[in-house]
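Here the structure is laid out as structure tokens; the discussion comes afterwards.
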Amino acid sequence: MKRALLTTACILAATAASAGEDSTLSIEGEDYITQTAAPEHMEYVDTIYSGWTFRTDETQALQMDDFDNPAFVFLDQAIDQWDTVEGSEGKSCSSCHEDVADFAGLKTSLPRVENGELVTLTNLVNECVTERMGSKEWKYSGAKMSGMTALIAHQSRGMTMNVKIDGDAAPFWEQGKELYYQRVGQLDMACSNCHEDNYGNMIRADHLSQGQINGFPLYRLKNAKINTTHGRFKGCMSNIRAVPFKEGGPEFKALELYIASRGQGLSVETPAVRN
Amino acid sequence: MKLKGAIAFATATVAFTGFAAFAETKPMDVSFEDGMVAVSLTGQAGDPVEGRKVFMNRKLGNCLACHQNADMMEQPFHGEVGPALDGVGDRWEEADLRGIVSNAKNMFPDSIMPAFYIDSGYERPLEKFDGKSILSAQQVEDVVAYLLTLKE
């Protein structure tokens with residue numbers, strides 16, 4: 001009797017969690033690639049899936065209509081910020097960049113190596129903020145930065161992720177890969193334990209995804225704000241009771257490159273909606 | 001007054017002696033044989049009622065996060081990461097279960113399952129968990145006692 005109950009409960013749970021796995025993400029009449037063949041460098045995974053496919057019908061629906069997507073409130077704030085003058089040079093973003101839409105495609109290639117250094121979108125924004133605007137650096141995952149990076153990444157929505165992993169990017173990519181498989185924390189887990197070995201499984205109430213970042217920066221229902229990749233990495237590390245690496249530090253930047261490369265071929269979904 | 005003090009002293013002595021006689025095994029002193037741990041970590045029997053609470057509690061064992069358990073249907077969310085634990089008390093001996101709960105990696109080296117009774121050897125632990133095991137010796141014994149009640 002108990003067994004039958006359990007089976008029923010599990011079927012119900014699985015149905016609720018994965019109802020949308022085979023559905024298509026379509027926003028404003030445009031279809032998105034939420035599953036595709038894994039890039040060649042991935043040894044243990046055949047198909048990659050956007051985090052969207054693991055979410056409930058309700059969460060999925062929020063992302064399918066920009067009017068319902070709570071992230072756009074924050075993108076609107078970023079549009080205001082875009083025209084806001086700050087710093088010693090009397091400039092705003094729009095003083096140099098006529099239209100934010102000109103950044104279409106940028107997110108697909110980030111992080112990337114510039115002058116021997118791995119740079120993220122956040123680094124690029126902060127370079128403008130400090131060097132060209134003469135202002136104080138924005139906090140890595142602060143509200144201003146997460147909104148602005150979401151707005152800029154949004155210009156690439158629908159384009160496919162395609163970061164460079166060879167040449168001068170190779171050593172950073174290797175470092176990121178090593179971190180991905182490194183067990184840390186009192187719970188002694190690596191990214192791979194949950195997001196490669198167990199995606200699709202329930203971990204208590206949560207449906208484990210592949211940990212893809214094609215939808216970042218994104219809105220999380222859990223904290224009702226825009227979340228950055230490094231902020232999410234930090235959260236994961238705290239959950240496994242490990243001291244997180246520094247946001248914007250070399251470890252998280254390398255990890256961001258490696259994880260971005262595990263999503264090559266998925267559409268940029270920024271701003272996605274997740275739980 | 002004098003008598004009261006004497007009784008208190010005697011009680012404390014008994015309690016202390018009792019504790020000393022069954023000194024619990026420290027996390028890194030646990031002796032594993034083929035992944036099994038034969039002797040109780042506390043020298044005392046575990047309490048299955050407490051063990052059930054530890055199994056369920058998100059801040060303690062949180063075993064339910066990864067394992068389905070038909071004995072816990074009042075709880076809505078059962079994980080699917082590890083094997084279901086129905087009948088686990090039929091399939092495993094006490095020593096196996098104590099070994100697996102204490103440090104499953106001795107039996108299953110690549111397991112995702114955390115070691116619940118080690119207090120060193122992990123990387124970058126958060127300060128408040130540094131040098132600590134996830135469960136106490138008695139909690140491990142309680143969980144083992146509870147698991148042994150899961151019969152089909």
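Here's how to read the names in the structure tokens: chain A, B, ... by the order shown, residue numbers from 1 in each chain, ligand numbers from 1 in the order shown.
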
Chain B contacts to chain A at 8 Å (only C-alpha atoms) as an NGL selection string:
:B and (64-66 or 69-71 or 73 or 77-81 or 112-115 or 122-127 or 129-130 or 133-134)

Residues of region 17-260 of chain A classed as helix (DSSP H, G or I) by DSSP on the backbone are to be reported as JSON, numbers by chain.
{"A": [17, 18, 51, 52, 53, 54, 57, 58, 59, 60, 61, 62, 63, 71, 72, 73, 74, 75, 76, 77, 78, 79, 80, 81, 82, 93, 94, 95, 96, 100, 101, 102, 103, 107, 108, 109, 121, 122, 123, 124, 125, 126, 127, 128, 129, 130, 131, 132, 143, 144, 145, 146, 147, 148, 149, 150, 151, 152, 153, 154, 167, 168, 169, 170, 171, 172, 173, 174, 175, 176, 177, 178, 179, 180, 191, 192, 193, 194, 195, 229, 230, 231, 232, 233, 234, 235, 236, 237, 238, 239, 250, 251, 252, 253, 254, 255, 256, 257, 258, 259, 260]}

Using only C-alpha atoms, pick whichever of B:Gly43, B:Gly61, B:Pro48, B:Pro76 has the shortest atom-to-atom distance to Phe22 (chain B).
B:Gly43

Within 7 Å of region 89-104 of chain B using only C-alpha atoms, minus same-chain residues under 2 positions, as a ChimeraX atom specification:
/B:32,35-38,87,106-108,113,115-117,140,144,147-151

Convert the current residue selection to file output with C-alpha atoms, as a PDB file, in the first residue's frame.
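Result file is out-v1.pdb:
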ATOM      1  CA  PHE B  32      36.446   0.871   8.432  1.00  0.00           C
ATOM      2  CA  GLY B  35      33.600   0.112   3.970  1.00  0.00           C
ATOM      3  CA  MET B  36      31.862  -1.309   7.039  1.00  0.00           C
ATOM      4  CA  VAL B  37      32.031  -0.103  10.624  1.00  0.00           C
ATOM      5  CA  ALA B  38      31.385  -2.956  13.058  1.00  0.00           C
ATOM      6  CA  GLY B  87      13.668  -2.366   2.594  1.00  0.00           C
ATOM      7  CA  ASN B 106      34.943   3.922   1.422  1.00  0.00           C
ATOM      8  CA  MET B 107      32.454   1.594  -0.242  1.00  0.00           C
ATOM      9  CA  PHE B 108      31.479   3.727  -3.263  1.00  0.00           C
ATOM     10  CA  MET B 113      26.880  11.115  -1.003  1.00  0.00           C
ATOM     11  CA  ALA B 115      30.431  11.639   4.458  1.00  0.00           C
ATOM     12  CA  PHE B 116      28.339  12.356   7.538  1.00  0.00           C
ATOM     13  CA  TYR B 117      31.021  11.497  10.061  1.00  0.00           C
ATOM     14  CA  VAL B 140      24.788   8.512  13.019  1.00  0.00           C
ATOM     15  CA  VAL B 144      21.475   3.556  11.410  1.00  0.00           C
ATOM     16  CA  LEU B 147      17.363   2.511   8.621  1.00  0.00           C
ATOM     17  CA  LEU B 148      17.319  -0.969  10.179  1.00  0.00           C
ATOM     18  CA  THR B 149      13.587  -0.524  10.787  1.00  0.00           C
ATOM     19  CA  LEU B 150      12.932  -0.048   7.050  1.00  0.00           C
ATOM     20  CA  LYS B 151      11.854  -3.588   6.147  1.00  0.00           C
TER      21      LYS B 151
END

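Across the structure, CA of Val119 (chain A) and CA of Met148 (chain A) are spaced 16.1 Å apart.
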
Which residues, written as a list in words, have at least one atom at most 9 Å from Glu247 (chain A), with only C-alpha atoms counted and residues fewer than 2 positions away on the same chain left out?
Tyr140, Ser141, His230, Gly231, Phe233, Lys234, Pro244, Phe245, Gly249, Pro250, Glu251, Phe252 and Lys253 of chain A

Nearest to Asp80 (chain A), chosen from A:Arg55, A:Lys164, A:Arg112, A:Lys144, with only C-alpha atoms counted in the distances
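Under the stated criterion, the closest residue is A:Lys144.
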
Just give me the gap between CA of Gly142 (chain A) and CA of Lys91 (chain A) in Å, one decimal is fine.
20.6 Å

Taking the chain letters and numbering used in this document, name the residues of region 115-212 of chain A that DSSP puts in strand (DSSP E or B), as a list in words.
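Matching residues for strand (DSSP E or B) in region 115-212 of chain A are Glu117, Leu118, Val119, Thr160, Val184, Met189, Met202, Ile203, Asp206 and His207 of chain A.
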
Who sits within 12 Å of Ser50 (chain A), only C-alpha atoms, same chain under 3 positions skipped, as a PyMOL selection string
chain A and resi 20-25+32-38+47+53-55+60+160-161+195+199-200+208-216+260+262-270+272-274

Could the residues in this selection be saved with C-alpha atoms as a PDB file, in the first residue's frame?
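Below is the file that was written, selection_38.pdb:
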ATOM      1  CA  GLY A  20       7.563  21.171 -20.185  1.00  0.00           C
ATOM      2  CA  GLU A  21      10.678  19.208 -21.088  1.00  0.00           C
ATOM      3  CA  ASP A  22       9.490  18.552 -24.615  1.00  0.00           C
ATOM      4  CA  SER A  23       7.743  21.855 -25.113  1.00  0.00           C
ATOM      5  CA  THR A  24       9.220  24.669 -27.122  1.00  0.00           C
ATOM      6  CA  LEU A  25      10.261  28.011 -25.754  1.00  0.00           C
ATOM      7  CA  TYR A  32      14.498  29.317 -29.011  1.00  0.00           C
ATOM      8  CA  ILE A  33      16.916  26.404 -29.004  1.00  0.00           C
ATOM      9  CA  THR A  34      16.484  24.870 -25.554  1.00  0.00           C
ATOM     10  CA  GLN A  35      17.977  21.490 -26.395  1.00  0.00           C
ATOM     11  CA  THR A  36      20.640  20.460 -28.848  1.00  0.00           C
ATOM     12  CA  ALA A  37      23.571  18.095 -29.338  1.00  0.00           C
ATOM     13  CA  ALA A  38      26.296  18.616 -26.754  1.00  0.00           C
ATOM     14  CA  THR A  47      22.315  16.453 -25.267  1.00  0.00           C
ATOM     15  CA  THR A  53      13.268  22.799 -19.764  1.00  0.00           C
ATOM     16  CA  PHE A  54      13.553  21.733 -16.102  1.00  0.00           C
ATOM     17  CA  ARG A  55      11.180  24.303 -14.707  1.00  0.00           C
ATOM     18  CA  GLN A  60       8.187  28.409 -18.021  1.00  0.00           C
ATOM     19  CA  THR A 160      23.401  30.993 -30.005  1.00  0.00           C
ATOM     20  CA  MET A 161      26.162  30.743 -27.428  1.00  0.00           C
ATOM     21  CA  HIS A 195      24.585  19.103 -12.917  1.00  0.00           C
ATOM     22  CA  TYR A 199      20.366  16.502 -14.032  1.00  0.00           C
ATOM     23  CA  GLY A 200      16.714  15.575 -14.423  1.00  0.00           C
ATOM     24  CA  LEU A 208      18.225  19.450 -11.014  1.00  0.00           C
ATOM     25  CA  SER A 209      19.195  21.169 -14.251  1.00  0.00           C
ATOM     26  CA  GLN A 210      22.421  21.043 -16.223  1.00  0.00           C
ATOM     27  CA  GLY A 211      23.423  24.358 -14.693  1.00  0.00           C
ATOM     28  CA  GLN A 212      23.453  26.136 -18.057  1.00  0.00           C
ATOM     29  CA  ILE A 213      24.031  29.895 -18.030  1.00  0.00           C
ATOM     30  CA  ASN A 214      22.625  30.893 -21.433  1.00  0.00           C
ATOM     31  CA  GLY A 215      19.723  32.652 -19.699  1.00  0.00           C
ATOM     32  CA  PHE A 216      21.871  34.793 -17.380  1.00  0.00           C
ATOM     33  CA  ALA A 260      29.314  28.855 -21.079  1.00  0.00           C
ATOM     34  CA  ARG A 262      28.985  23.558 -22.108  1.00  0.00           C
ATOM     35  CA  GLY A 263      26.052  25.528 -23.507  1.00  0.00           C
ATOM     36  CA  GLN A 264      27.448  26.128 -27.010  1.00  0.00           C
ATOM     37  CA  GLY A 265      24.515  25.994 -29.406  1.00  0.00           C
ATOM     38  CA  LEU A 266      21.790  26.978 -26.939  1.00  0.00           C
ATOM     39  CA  SER A 267      19.997  30.270 -27.506  1.00  0.00           C
ATOM     40  CA  VAL A 268      20.722  33.219 -25.299  1.00  0.00           C
ATOM     41  CA  GLU A 269      17.534  33.657 -23.219  1.00  0.00           C
ATOM     42  CA  THR A 270      18.415  36.725 -21.170  1.00  0.00           C
ATOM     43  CA  ALA A 272      15.350  34.092 -18.317  1.00  0.00           C
ATOM     44  CA  VAL A 273      13.052  33.264 -15.400  1.00  0.00           C
ATOM     45  CA  ARG A 274      13.956  30.509 -12.959  1.00  0.00           C
TER      46      ARG A 274
END

Lys177 (chain A) surroundings by only C-alpha atoms, 9 Å radius, close-in-sequence under 4 positions cut, as a PyMOL selection string:
chain A and resi 172-173+181-182+254-255+257-259

Near Asp142 (chain B), counting only C-alpha atoms, which residues have an atom at most 8 Å away, once you skip same-chain residues fewer than 2 positions from it, shown as a PyMOL selection string?
chain B and resi 45-52+54+138-140+144-146

Using only C-alpha atoms, please write the residues we just selected to a file, as a short mmCIF file (atom, residue, chain, number, x, y, z; two decimals), in the first residue's frame.
data_model
loop_
_atom_site.label_atom_id
_atom_site.label_comp_id
_atom_site.auth_asym_id
_atom_site.auth_seq_id
_atom_site.Cartn_x
_atom_site.Cartn_y
_atom_site.Cartn_z
CA ALA B 45 22.27 1.63 20.66
CA GLY B 46 20.80 4.21 18.32
CA ASP B 47 17.29 5.56 18.77
CA PRO B 48 15.23 4.95 15.61
CA VAL B 49 12.69 7.63 16.57
CA GLU B 50 15.44 10.27 16.73
CA GLY B 51 17.02 8.77 13.60
CA ARG B 52 13.82 9.32 11.66
CA VAL B 54 17.56 13.33 11.57
CA GLN B 138 24.89 9.57 18.29
CA GLN B 139 22.99 10.98 15.31
CA VAL B 140 24.79 8.51 13.02
CA VAL B 144 21.47 3.56 11.41
CA ALA B 145 18.92 2.31 13.94
CA TYR B 146 16.15 3.96 11.93
#

Considering only C-alpha atoms, state which residue in the set B:Lys105, B:Ala84, B:Ser111, B:Asn57 is at the smallest distance from Asp34 (chain B).
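Closest to Asp34 (chain B), using only C-alpha atoms: B:Lys105.
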